[in-house]
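File shown: start.cif (mmCIF, C-alpha atoms).
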```cif
data_work
#
loop_
_atom_site.label_atom_id
_atom_site.label_comp_id
_atom_site.auth_asym_id
_atom_site.auth_seq_id
_atom_site.Cartn_x
_atom_site.Cartn_y
_atom_site.Cartn_z
CA MET E 1238 0.00 0.00 0.00
CA SER E 1239 1.43 3.39 -0.95
CA GLU E 1240 2.04 6.16 1.59
CA THR E 1241 -0.80 8.28 0.17
CA THR E 1242 -3.26 5.38 0.14
CA ALA E 1243 -2.32 4.38 3.68
CA ALA E 1244 -2.72 7.94 4.95
CA ALA E 1245 -6.06 8.33 3.17
CA THR E 1246 -7.31 5.01 4.57
CA VAL E 1247 -6.25 5.94 8.10
CA THR E 1248 -7.92 9.33 7.73
CA ALA E 1249 -11.07 7.81 6.32
CA THR E 1250 -11.49 5.11 8.95
CA ALA E 1251 -10.29 6.97 12.06
CA GLY E 1252 -13.17 9.40 12.41
CA PRO E 1253 -16.95 9.23 12.38
CA THR E 1254 -17.10 9.20 8.56
CA PRO E 1255 -18.00 5.99 6.69
CA ALA E 1256 -15.11 3.69 5.80
CA GLY E 1257 -13.53 4.37 2.43
CA VAL E 1258 -14.39 8.09 2.32
CA VAL E 1259 -11.30 10.18 1.71
CA ILE E 1260 -11.38 13.39 3.72
CA ALA E 1261 -8.18 15.06 2.58
CA GLU E 1262 -6.97 15.43 -0.99
CA SER E 1263 -3.52 14.31 0.05
CA ALA E 1264 -2.51 13.51 3.59
CA THR E 1265 1.22 13.40 2.93
CA ALA E 1266 3.64 16.20 3.72
CA ARG E 1267 4.78 16.07 0.10
CA GLY E 1268 1.22 16.64 -1.10
CA ARG E 1269 0.78 19.62 1.21
CA ARG E 1270 4.06 21.14 0.03
CA ALA E 1271 3.01 20.64 -3.59
CA ARG E 1272 -0.34 22.38 -2.98
CA ILE E 1273 1.41 25.26 -1.20
CA ALA E 1274 3.94 25.59 -4.03
CA LEU E 1275 1.19 25.57 -6.65
CA ARG E 1276 -0.83 28.17 -4.75
CA THR E 1277 2.29 30.34 -4.38
CA LEU E 1278 2.95 30.06 -8.10
CA GLN E 1279 -0.64 31.08 -8.83
CA VAL E 1280 -0.38 34.14 -6.59
CA LEU E 1281 2.93 35.18 -8.17
CA ILE E 1282 1.60 34.77 -11.71
CA ALA E 1283 -1.59 36.65 -10.77
CA LEU E 1284 0.47 39.49 -9.30
CA PHE E 1285 2.58 39.62 -12.46
CA TYR E 1286 -0.46 39.86 -14.72
CA ALA E 1287 -2.20 42.42 -12.49
CA VAL E 1288 0.62 44.86 -11.69
CA PRO E 1289 3.41 45.09 -14.29
CA SER E 1290 1.33 43.76 -17.19
CA ALA E 1291 -2.31 44.93 -16.91
CA LEU E 1292 -1.89 48.09 -14.83
CA PRO E 1293 0.23 50.06 -17.37
CA LYS E 1294 -2.30 49.23 -20.08
CA LEU E 1295 -5.30 50.19 -17.96
CA ILE E 1296 -3.82 53.52 -16.83
CA GLY E 1297 -2.68 54.33 -20.36
CA HIS E 1298 1.04 54.44 -19.61
CA PRO E 1299 2.96 55.83 -22.62
CA SER E 1300 5.17 52.72 -22.94
CA ALA E 1301 2.11 50.52 -23.36
CA GLY E 1302 0.42 53.01 -25.66
CA GLU E 1303 3.39 53.12 -28.05
CA SER E 1304 3.33 49.36 -28.52
CA PHE E 1305 -0.37 49.27 -29.30
CA GLU E 1306 -0.11 52.25 -31.65
CA ARG E 1307 2.64 50.40 -33.51
CA LEU E 1308 0.31 47.41 -33.77
CA GLY E 1309 -2.43 49.63 -35.12
CA TRP E 1310 -4.77 48.63 -32.29
CA GLY E 1311 -4.73 51.98 -30.51
CA SER E 1312 -6.06 52.60 -27.04
CA ALA E 1313 -9.08 50.29 -27.48
CA GLY E 1314 -6.79 47.30 -28.00
CA MET E 1315 -4.58 48.37 -25.11
CA TYR E 1316 -7.51 48.65 -22.68
CA THR E 1317 -9.02 45.38 -23.91
CA ILE E 1318 -5.81 43.40 -23.42
CA GLY E 1319 -5.26 45.07 -20.03
CA ALA E 1320 -8.79 44.15 -18.93
CA LEU E 1321 -8.32 40.55 -20.10
CA GLU E 1322 -5.04 40.27 -18.20
CA LEU E 1323 -6.56 41.72 -15.03
CA ALA E 1324 -9.60 39.43 -15.29
CA GLY E 1325 -7.28 36.44 -15.75
CA ALA E 1326 -5.17 37.48 -12.77
CA ILE E 1327 -8.23 37.72 -10.54
CA ALA E 1328 -9.67 34.43 -11.86
CA LEU E 1329 -6.37 32.64 -11.09
CA LEU E 1330 -7.17 33.24 -7.42
CA ILE E 1331 -10.76 31.91 -7.54
CA PRO E 1332 -10.72 28.13 -7.06
CA MET E 1333 -13.46 27.24 -9.54
CA LEU E 1334 -11.95 29.48 -12.26
CA GLN E 1335 -8.24 28.69 -11.85
CA SER E 1336 -7.88 26.15 -14.63
CA VAL E 1337 -10.01 28.09 -17.12
CA ALA E 1338 -8.13 31.31 -16.29
CA ALA E 1339 -4.78 29.61 -16.83
CA MET E 1340 -5.94 28.26 -20.20
CA ALA E 1341 -7.29 31.66 -21.25
CA LEU E 1342 -4.08 33.43 -20.24
CA SER E 1343 -2.09 30.77 -22.12
CA ALA E 1344 -4.13 31.53 -25.25
CA LEU E 1345 -3.44 35.23 -24.72
CA MET E 1346 0.28 34.43 -24.48
CA VAL E 1347 0.15 32.48 -27.75
CA GLY E 1348 -1.29 35.62 -29.34
CA ALA E 1349 1.40 37.74 -27.69
CA PHE E 1350 4.08 35.41 -29.06
CA VAL E 1351 2.68 35.67 -32.58
CA VAL E 1352 2.56 39.47 -32.33
CA GLN E 1353 6.12 39.59 -31.00
CA ILE E 1354 7.34 37.52 -33.94
CA ALA E 1355 5.26 39.20 -36.66
CA VAL E 1356 5.37 42.86 -35.60
CA PHE E 1357 8.28 43.33 -33.21
CA ASP E 1358 10.76 40.98 -34.95
CA GLY E 1359 10.88 38.60 -31.98
CA GLN E 1360 12.45 41.14 -29.64
CA TYR E 1361 10.60 39.85 -26.56
CA ALA E 1362 9.16 36.63 -27.98
CA ALA E 1363 10.60 34.48 -25.19
CA THR E 1364 8.54 36.19 -22.49
CA PRO E 1365 5.13 34.81 -23.54
CA LEU E 1366 6.65 31.36 -24.05
CA ILE E 1367 8.16 31.42 -20.56
CA LEU E 1368 4.81 32.46 -19.06
CA ILE E 1369 2.96 29.64 -20.82
CA VAL E 1370 4.91 26.98 -18.88
CA PRO E 1371 3.55 27.79 -15.38
CA LEU E 1372 0.12 28.57 -16.82
CA VAL E 1373 -0.11 25.11 -18.40
CA LEU E 1374 1.03 23.57 -15.11
CA ILE E 1375 -1.71 25.46 -13.23
CA ALA E 1376 -4.35 24.54 -15.82
CA TRP E 1377 -3.43 20.87 -15.59
CA ALA E 1378 -3.12 20.74 -11.80
CA ARG E 1379 -6.45 22.53 -11.25
CA ARG E 1380 -8.35 20.73 -14.03
CA GLY E 1381 -10.63 19.04 -11.50
CA HIS E 1382 -12.41 22.35 -10.95
CA ASN E 1383 -13.58 22.37 -14.58
CA ALA E 1384 -16.25 19.75 -13.88
CA ASP E 1385 -17.51 21.80 -10.92
CA LEU E 1386 -17.68 24.90 -13.11
CA LEU E 1387 -19.58 23.04 -15.84
CA ARG E 1388 -22.08 21.69 -13.31
CA LEU E 1389 -22.65 25.20 -11.97
CA LEU E 1390 -23.12 26.64 -15.46
CA ARG E 1391 -25.55 23.87 -16.45
CA ARG E 1392 -27.55 24.38 -13.28
CA ARG E 1393 -27.91 28.10 -14.05
CA ALA E 1394 -28.90 27.54 -17.70
#
```
Written as structure tokens, how would this file's structure read?
Amino acid sequence: MSETTAAATVTATAGPTPAGVVIAESATARGRRARIALRTLQVLIALFYAVPSALPKLIGHPSAGESFERLGWGSAGMYTIGALELAGAIALLIPMLQSVAAMALSALMVGAFVVQIAVFDGQYAATPLILIVPLVLIAWARRGHNADLLRLLRRRA
């Protein structure tokens, strides 16, 4: 019997709950550390998207404005991308939305990569690719919340 299975069995049979019911997601110290590390990563990524990425776009900072003017998107594109980044940052911190937010931000980064290659000659093309790695990890690790979100959406429809 593995360490996780043994811990889950002990947890399930020690209390007043019926035998075989797992109370904790992972009762091992390694599992707790992994959850803490993942949550820390999510907070750091959310802070990155909210402060140095979305904020300059939403306040119309000249450095952000120049890039969007060069793209031909103007201030409307700048504010739209800033709002999407801020919404994604907030959603990364909401348990039911974490996986979907990570996937949406990954798609935004694919678009950013394409723009960097096509318009800016790849000057900062590595940045979106680097950001996709932790976003994909978050999306995969939190994928269990997708079923909960779908159930909630179906119930409301």
Do a neighbour search on region 1284-1300 of chain E at 12 Å with all atoms listed in the file, toss out local chain neighbours closer than 5 positions, and write the hits as a PDB file with C-alpha atoms, keeping the file's coordinate frame.
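Saved the output as selection.pdb:
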```
ATOM      1  CA  THR E1277       2.290  30.340  -4.380  1.00  0.00           C
ATOM      2  CA  LEU E1278       2.950  30.060  -8.100  1.00  0.00           C
ATOM      3  CA  GLN E1279      -0.640  31.080  -8.830  1.00  0.00           C
ATOM      4  CA  PHE E1305      -0.370  49.270 -29.300  1.00  0.00           C
ATOM      5  CA  GLU E1306      -0.110  52.250 -31.650  1.00  0.00           C
ATOM      6  CA  ARG E1307       2.640  50.400 -33.510  1.00  0.00           C
ATOM      7  CA  GLY E1311      -4.730  51.980 -30.510  1.00  0.00           C
ATOM      8  CA  SER E1312      -6.060  52.600 -27.040  1.00  0.00           C
ATOM      9  CA  ALA E1313      -9.080  50.290 -27.480  1.00  0.00           C
ATOM     10  CA  GLY E1314      -6.790  47.300 -28.000  1.00  0.00           C
ATOM     11  CA  MET E1315      -4.580  48.370 -25.110  1.00  0.00           C
ATOM     12  CA  TYR E1316      -7.510  48.650 -22.680  1.00  0.00           C
ATOM     13  CA  THR E1317      -9.020  45.380 -23.910  1.00  0.00           C
ATOM     14  CA  ILE E1318      -5.810  43.400 -23.420  1.00  0.00           C
ATOM     15  CA  GLY E1319      -5.260  45.070 -20.030  1.00  0.00           C
ATOM     16  CA  ALA E1320      -8.790  44.150 -18.930  1.00  0.00           C
ATOM     17  CA  LEU E1321      -8.320  40.550 -20.100  1.00  0.00           C
ATOM     18  CA  GLU E1322      -5.040  40.270 -18.200  1.00  0.00           C
ATOM     19  CA  LEU E1323      -6.560  41.720 -15.030  1.00  0.00           C
ATOM     20  CA  ALA E1324      -9.600  39.430 -15.290  1.00  0.00           C
ATOM     21  CA  GLY E1325      -7.280  36.440 -15.750  1.00  0.00           C
ATOM     22  CA  ALA E1326      -5.170  37.480 -12.770  1.00  0.00           C
ATOM     23  CA  ILE E1327      -8.230  37.720 -10.540  1.00  0.00           C
ATOM     24  CA  ALA E1328      -9.670  34.430 -11.860  1.00  0.00           C
ATOM     25  CA  LEU E1329      -6.370  32.640 -11.090  1.00  0.00           C
ATOM     26  CA  LEU E1330      -7.170  33.240  -7.420  1.00  0.00           C
ATOM     27  CA  ALA E1338      -8.130  31.310 -16.290  1.00  0.00           C
ATOM     28  CA  ALA E1339      -4.780  29.610 -16.830  1.00  0.00           C
ATOM     29  CA  LEU E1342      -4.080  33.430 -20.240  1.00  0.00           C
ATOM     30  CA  SER E1343      -2.090  30.770 -22.120  1.00  0.00           C
ATOM     31  CA  LEU E1345      -3.440  35.230 -24.720  1.00  0.00           C
ATOM     32  CA  MET E1346       0.280  34.430 -24.480  1.00  0.00           C
ATOM     33  CA  THR E1364       8.540  36.190 -22.490  1.00  0.00           C
ATOM     34  CA  PRO E1365       5.130  34.810 -23.540  1.00  0.00           C
ATOM     35  CA  LEU E1368       4.810  32.460 -19.060  1.00  0.00           C
ATOM     36  CA  LEU E1372       0.120  28.570 -16.820  1.00  0.00           C
TER      37      LEU E1372
END
```
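Taking only C-alpha atoms, the non-local environment of region 1377-1382 of chain E within 12 Å (same-chain residues fewer than 4 positions away omitted) comprises Glu1262, Ala1271, Arg1272, Ala1274, Leu1275, Arg1276, Leu1278, Gln1279, Leu1329, Leu1330, Ile1331, Pro1332, Met1333, Leu1334, Gln1335, Ser1336, Val1337, Ala1338, Ala1339, Met1340, Ser1343, Val1370, Pro1371, Leu1372, Val1373, Leu1386, Leu1387, Arg1388 and Leu1389 of chain E.
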CA of Asn1383 (chain E) to CA of Ala1341 (chain E), straight-line distance in Å: 13.1 Å
Would you write out, as a ChimeraX atom specification, every residue that the PyMOL selection byres ((chain E and resi 1362) around 9) captures in this file? /E:1349-1354,1357-1361,1363-1366
Once you've located region 1348-1381 of chain E in the structure I gave, write it as a PDB file, in the first residue's frame, keeping N, CA, C and O atoms.
```
ATOM      1  N   GLY E1348      -1.085  34.424 -28.509  1.00  0.00           N
ATOM      2  CA  GLY E1348      -1.287  35.618 -29.335  1.00  0.00           C
ATOM      3  C   GLY E1348      -0.163  36.619 -29.168  1.00  0.00           C
ATOM      4  O   GLY E1348       0.307  37.210 -30.147  1.00  0.00           O
ATOM      5  N   ALA E1349       0.298  36.818 -27.945  1.00  0.00           N
ATOM      6  CA  ALA E1349       1.403  37.741 -27.692  1.00  0.00           C
ATOM      7  C   ALA E1349       2.675  37.263 -28.388  1.00  0.00           C
ATOM      8  O   ALA E1349       3.434  38.072 -28.944  1.00  0.00           O
ATOM      9  N   PHE E1350       2.906  35.957 -28.382  1.00  0.00           N
ATOM     10  CA  PHE E1350       4.080  35.405 -29.059  1.00  0.00           C
ATOM     11  C   PHE E1350       4.010  35.681 -30.562  1.00  0.00           C
ATOM     12  O   PHE E1350       4.994  36.123 -31.167  1.00  0.00           O
ATOM     13  N   VAL E1351       2.846  35.435 -31.143  1.00  0.00           N
ATOM     14  CA  VAL E1351       2.678  35.666 -32.583  1.00  0.00           C
ATOM     15  C   VAL E1351       2.907  37.142 -32.914  1.00  0.00           C
ATOM     16  O   VAL E1351       3.600  37.471 -33.883  1.00  0.00           O
ATOM     17  N   VAL E1352       2.357  38.030 -32.103  1.00  0.00           N
ATOM     18  CA  VAL E1352       2.556  39.471 -32.327  1.00  0.00           C
ATOM     19  C   VAL E1352       4.024  39.834 -32.190  1.00  0.00           C
ATOM     20  O   VAL E1352       4.558  40.614 -32.990  1.00  0.00           O
ATOM     21  N   GLN E1353       4.690  39.289 -31.187  1.00  0.00           N
ATOM     22  CA  GLN E1353       6.116  39.593 -30.998  1.00  0.00           C
ATOM     23  C   GLN E1353       6.944  39.167 -32.210  1.00  0.00           C
ATOM     24  O   GLN E1353       7.858  39.876 -32.628  1.00  0.00           O
ATOM     25  N   ILE E1354       6.614  38.022 -32.777  1.00  0.00           N
ATOM     26  CA  ILE E1354       7.342  37.524 -33.939  1.00  0.00           C
ATOM     27  C   ILE E1354       6.993  38.338 -35.187  1.00  0.00           C
ATOM     28  O   ILE E1354       7.875  38.763 -35.936  1.00  0.00           O
ATOM     29  N   ALA E1355       5.717  38.570 -35.415  1.00  0.00           N
ATOM     30  CA  ALA E1355       5.259  39.196 -36.656  1.00  0.00           C
ATOM     31  C   ALA E1355       5.505  40.700 -36.702  1.00  0.00           C
ATOM     32  O   ALA E1355       5.871  41.231 -37.744  1.00  0.00           O
ATOM     33  N   VAL E1356       5.313  41.392 -35.584  1.00  0.00           N
ATOM     34  CA  VAL E1356       5.373  42.858 -35.601  1.00  0.00           C
ATOM     35  C   VAL E1356       6.668  43.396 -35.011  1.00  0.00           C
ATOM     36  O   VAL E1356       7.252  44.338 -35.539  1.00  0.00           O
ATOM     37  N   PHE E1357       7.115  42.799 -33.926  1.00  0.00           N
ATOM     38  CA  PHE E1357       8.278  43.328 -33.215  1.00  0.00           C
ATOM     39  C   PHE E1357       9.558  42.541 -33.483  1.00  0.00           C
ATOM     40  O   PHE E1357      10.515  42.627 -32.722  1.00  0.00           O
ATOM     41  N   ASP E1358       9.572  41.744 -34.538  1.00  0.00           N
ATOM     42  CA  ASP E1358      10.757  40.982 -34.951  1.00  0.00           C
ATOM     43  C   ASP E1358      11.316  40.075 -33.852  1.00  0.00           C
ATOM     44  O   ASP E1358      12.519  39.871 -33.759  1.00  0.00           O
ATOM     45  N   GLY E1359      10.463  39.570 -32.994  1.00  0.00           N
ATOM     46  CA  GLY E1359      10.877  38.601 -31.976  1.00  0.00           C
ATOM     47  C   GLY E1359      11.668  39.177 -30.834  1.00  0.00           C
ATOM     48  O   GLY E1359      12.288  38.434 -30.081  1.00  0.00           O
ATOM     49  N   GLN E1360      11.631  40.494 -30.663  1.00  0.00           N
ATOM     50  CA  GLN E1360      12.447  41.144 -29.638  1.00  0.00           C
ATOM     51  C   GLN E1360      12.186  40.575 -28.238  1.00  0.00           C
ATOM     52  O   GLN E1360      13.111  40.310 -27.497  1.00  0.00           O
ATOM     53  N   TYR E1361      10.944  40.397 -27.877  1.00  0.00           N
ATOM     54  CA  TYR E1361      10.598  39.846 -26.562  1.00  0.00           C
ATOM     55  C   TYR E1361       9.745  38.582 -26.693  1.00  0.00           C
ATOM     56  O   TYR E1361       8.895  38.305 -25.849  1.00  0.00           O
ATOM     57  N   ALA E1362       9.974  37.814 -27.706  1.00  0.00           N
ATOM     58  CA  ALA E1362       9.157  36.627 -27.979  1.00  0.00           C
ATOM     59  C   ALA E1362       9.298  35.544 -26.913  1.00  0.00           C
ATOM     60  O   ALA E1362       8.390  34.738 -26.727  1.00  0.00           O
ATOM     61  N   ALA E1363      10.403  35.517 -26.202  1.00  0.00           N
ATOM     62  CA  ALA E1363      10.604  34.483 -25.186  1.00  0.00           C
ATOM     63  C   ALA E1363       9.692  34.689 -23.978  1.00  0.00           C
ATOM     64  O   ALA E1363       9.293  33.717 -23.329  1.00  0.00           O
ATOM     65  N   THR E1364       9.338  35.916 -23.681  1.00  0.00           N
ATOM     66  CA  THR E1364       8.539  36.192 -22.487  1.00  0.00           C
ATOM     67  C   THR E1364       7.200  35.456 -22.497  1.00  0.00           C
ATOM     68  O   THR E1364       6.870  34.767 -21.521  1.00  0.00           O
ATOM     69  N   PRO E1365       6.383  35.562 -23.556  1.00  0.00           N
ATOM     70  CA  PRO E1365       5.125  34.812 -23.535  1.00  0.00           C
ATOM     71  C   PRO E1365       5.332  33.303 -23.459  1.00  0.00           C
ATOM     72  O   PRO E1365       4.557  32.599 -22.803  1.00  0.00           O
ATOM     73  N   LEU E1366       6.384  32.805 -24.104  1.00  0.00           N
ATOM     74  CA  LEU E1366       6.648  31.359 -24.048  1.00  0.00           C
ATOM     75  C   LEU E1366       7.008  30.914 -22.636  1.00  0.00           C
ATOM     76  O   LEU E1366       6.573  29.853 -22.179  1.00  0.00           O
ATOM     77  N   ILE E1367       7.780  31.729 -21.943  1.00  0.00           N
ATOM     78  CA  ILE E1367       8.157  31.415 -20.562  1.00  0.00           C
ATOM     79  C   ILE E1367       6.925  31.412 -19.667  1.00  0.00           C
ATOM     80  O   ILE E1367       6.777  30.561 -18.791  1.00  0.00           O
ATOM     81  N   LEU E1368       6.013  32.367 -19.887  1.00  0.00           N
ATOM     82  CA  LEU E1368       4.808  32.459 -19.058  1.00  0.00           C
ATOM     83  C   LEU E1368       3.830  31.321 -19.319  1.00  0.00           C
ATOM     84  O   LEU E1368       3.050  30.958 -18.434  1.00  0.00           O
ATOM     85  N   ILE E1369       3.875  30.751 -20.500  1.00  0.00           N
ATOM     86  CA  ILE E1369       2.964  29.645 -20.816  1.00  0.00           C
ATOM     87  C   ILE E1369       3.274  28.423 -19.955  1.00  0.00           C
ATOM     88  O   ILE E1369       2.353  27.699 -19.548  1.00  0.00           O
ATOM     89  N   VAL E1370       4.528  28.189 -19.628  1.00  0.00           N
ATOM     90  CA  VAL E1370       4.914  26.984 -18.878  1.00  0.00           C
ATOM     91  C   VAL E1370       4.192  26.904 -17.525  1.00  0.00           C
ATOM     92  O   VAL E1370       3.513  25.908 -17.247  1.00  0.00           O
ATOM     93  N   PRO E1371       4.289  27.919 -16.647  1.00  0.00           N
ATOM     94  CA  PRO E1371       3.553  27.789 -15.379  1.00  0.00           C
ATOM     95  C   PRO E1371       2.035  27.828 -15.560  1.00  0.00           C
ATOM     96  O   PRO E1371       1.306  27.207 -14.785  1.00  0.00           O
ATOM     97  N   LEU E1372       1.560  28.531 -16.585  1.00  0.00           N
ATOM     98  CA  LEU E1372       0.118  28.568 -16.822  1.00  0.00           C
ATOM     99  C   LEU E1372      -0.424  27.194 -17.197  1.00  0.00           C
ATOM    100  O   LEU E1372      -1.485  26.777 -16.724  1.00  0.00           O
ATOM    101  N   VAL E1373       0.311  26.470 -18.029  1.00  0.00           N
ATOM    102  CA  VAL E1373      -0.106  25.113 -18.402  1.00  0.00           C
ATOM    103  C   VAL E1373      -0.065  24.191 -17.181  1.00  0.00           C
ATOM    104  O   VAL E1373      -0.965  23.369 -16.982  1.00  0.00           O
ATOM    105  N   LEU E1374       0.938  24.352 -16.339  1.00  0.00           N
ATOM    106  CA  LEU E1374       1.029  23.567 -15.107  1.00  0.00           C
ATOM    107  C   LEU E1374      -0.179  23.835 -14.211  1.00  0.00           C
ATOM    108  O   LEU E1374      -0.798  22.905 -13.687  1.00  0.00           O
ATOM    109  N   ILE E1375      -0.547  25.099 -14.051  1.00  0.00           N
ATOM    110  CA  ILE E1375      -1.709  25.458 -13.227  1.00  0.00           C
ATOM    111  C   ILE E1375      -2.989  24.889 -13.840  1.00  0.00           C
ATOM    112  O   ILE E1375      -3.821  24.314 -13.133  1.00  0.00           O
ATOM    113  N   ALA E1376      -3.153  25.046 -15.150  1.00  0.00           N
ATOM    114  CA  ALA E1376      -4.354  24.538 -15.819  1.00  0.00           C
ATOM    115  C   ALA E1376      -4.493  23.031 -15.622  1.00  0.00           C
ATOM    116  O   ALA E1376      -5.581  22.526 -15.350  1.00  0.00           O
ATOM    117  N   TRP E1377      -3.386  22.317 -15.742  1.00  0.00           N
ATOM    118  CA  TRP E1377      -3.427  20.865 -15.590  1.00  0.00           C
ATOM    119  C   TRP E1377      -3.687  20.470 -14.131  1.00  0.00           C
ATOM    120  O   TRP E1377      -4.526  19.604 -13.852  1.00  0.00           O
ATOM    121  N   ALA E1378      -2.988  21.111 -13.207  1.00  0.00           N
ATOM    122  CA  ALA E1378      -3.118  20.744 -11.795  1.00  0.00           C
ATOM    123  C   ALA E1378      -4.497  21.072 -11.236  1.00  0.00           C
ATOM    124  O   ALA E1378      -4.990  20.383 -10.339  1.00  0.00           O
ATOM    125  N   ARG E1379      -5.137  22.102 -11.751  1.00  0.00           N
ATOM    126  CA  ARG E1379      -6.445  22.530 -11.254  1.00  0.00           C
ATOM    127  C   ARG E1379      -7.596  22.093 -12.158  1.00  0.00           C
ATOM    128  O   ARG E1379      -8.704  22.573 -12.031  1.00  0.00           O
ATOM    129  N   ARG E1380      -7.349  21.152 -13.051  1.00  0.00           N
ATOM    130  CA  ARG E1380      -8.350  20.733 -14.027  1.00  0.00           C
ATOM    131  C   ARG E1380      -9.585  20.122 -13.390  1.00  0.00           C
ATOM    132  O   ARG E1380     -10.649  20.122 -13.980  1.00  0.00           O
ATOM    133  N   GLY E1381      -9.483  19.622 -12.183  1.00  0.00           N
ATOM    134  CA  GLY E1381     -10.629  19.037 -11.497  1.00  0.00           C
ATOM    135  C   GLY E1381     -11.740  20.042 -11.251  1.00  0.00           C
ATOM    136  O   GLY E1381     -12.913  19.672 -11.147  1.00  0.00           O
TER     137      GLY E1381
END
```
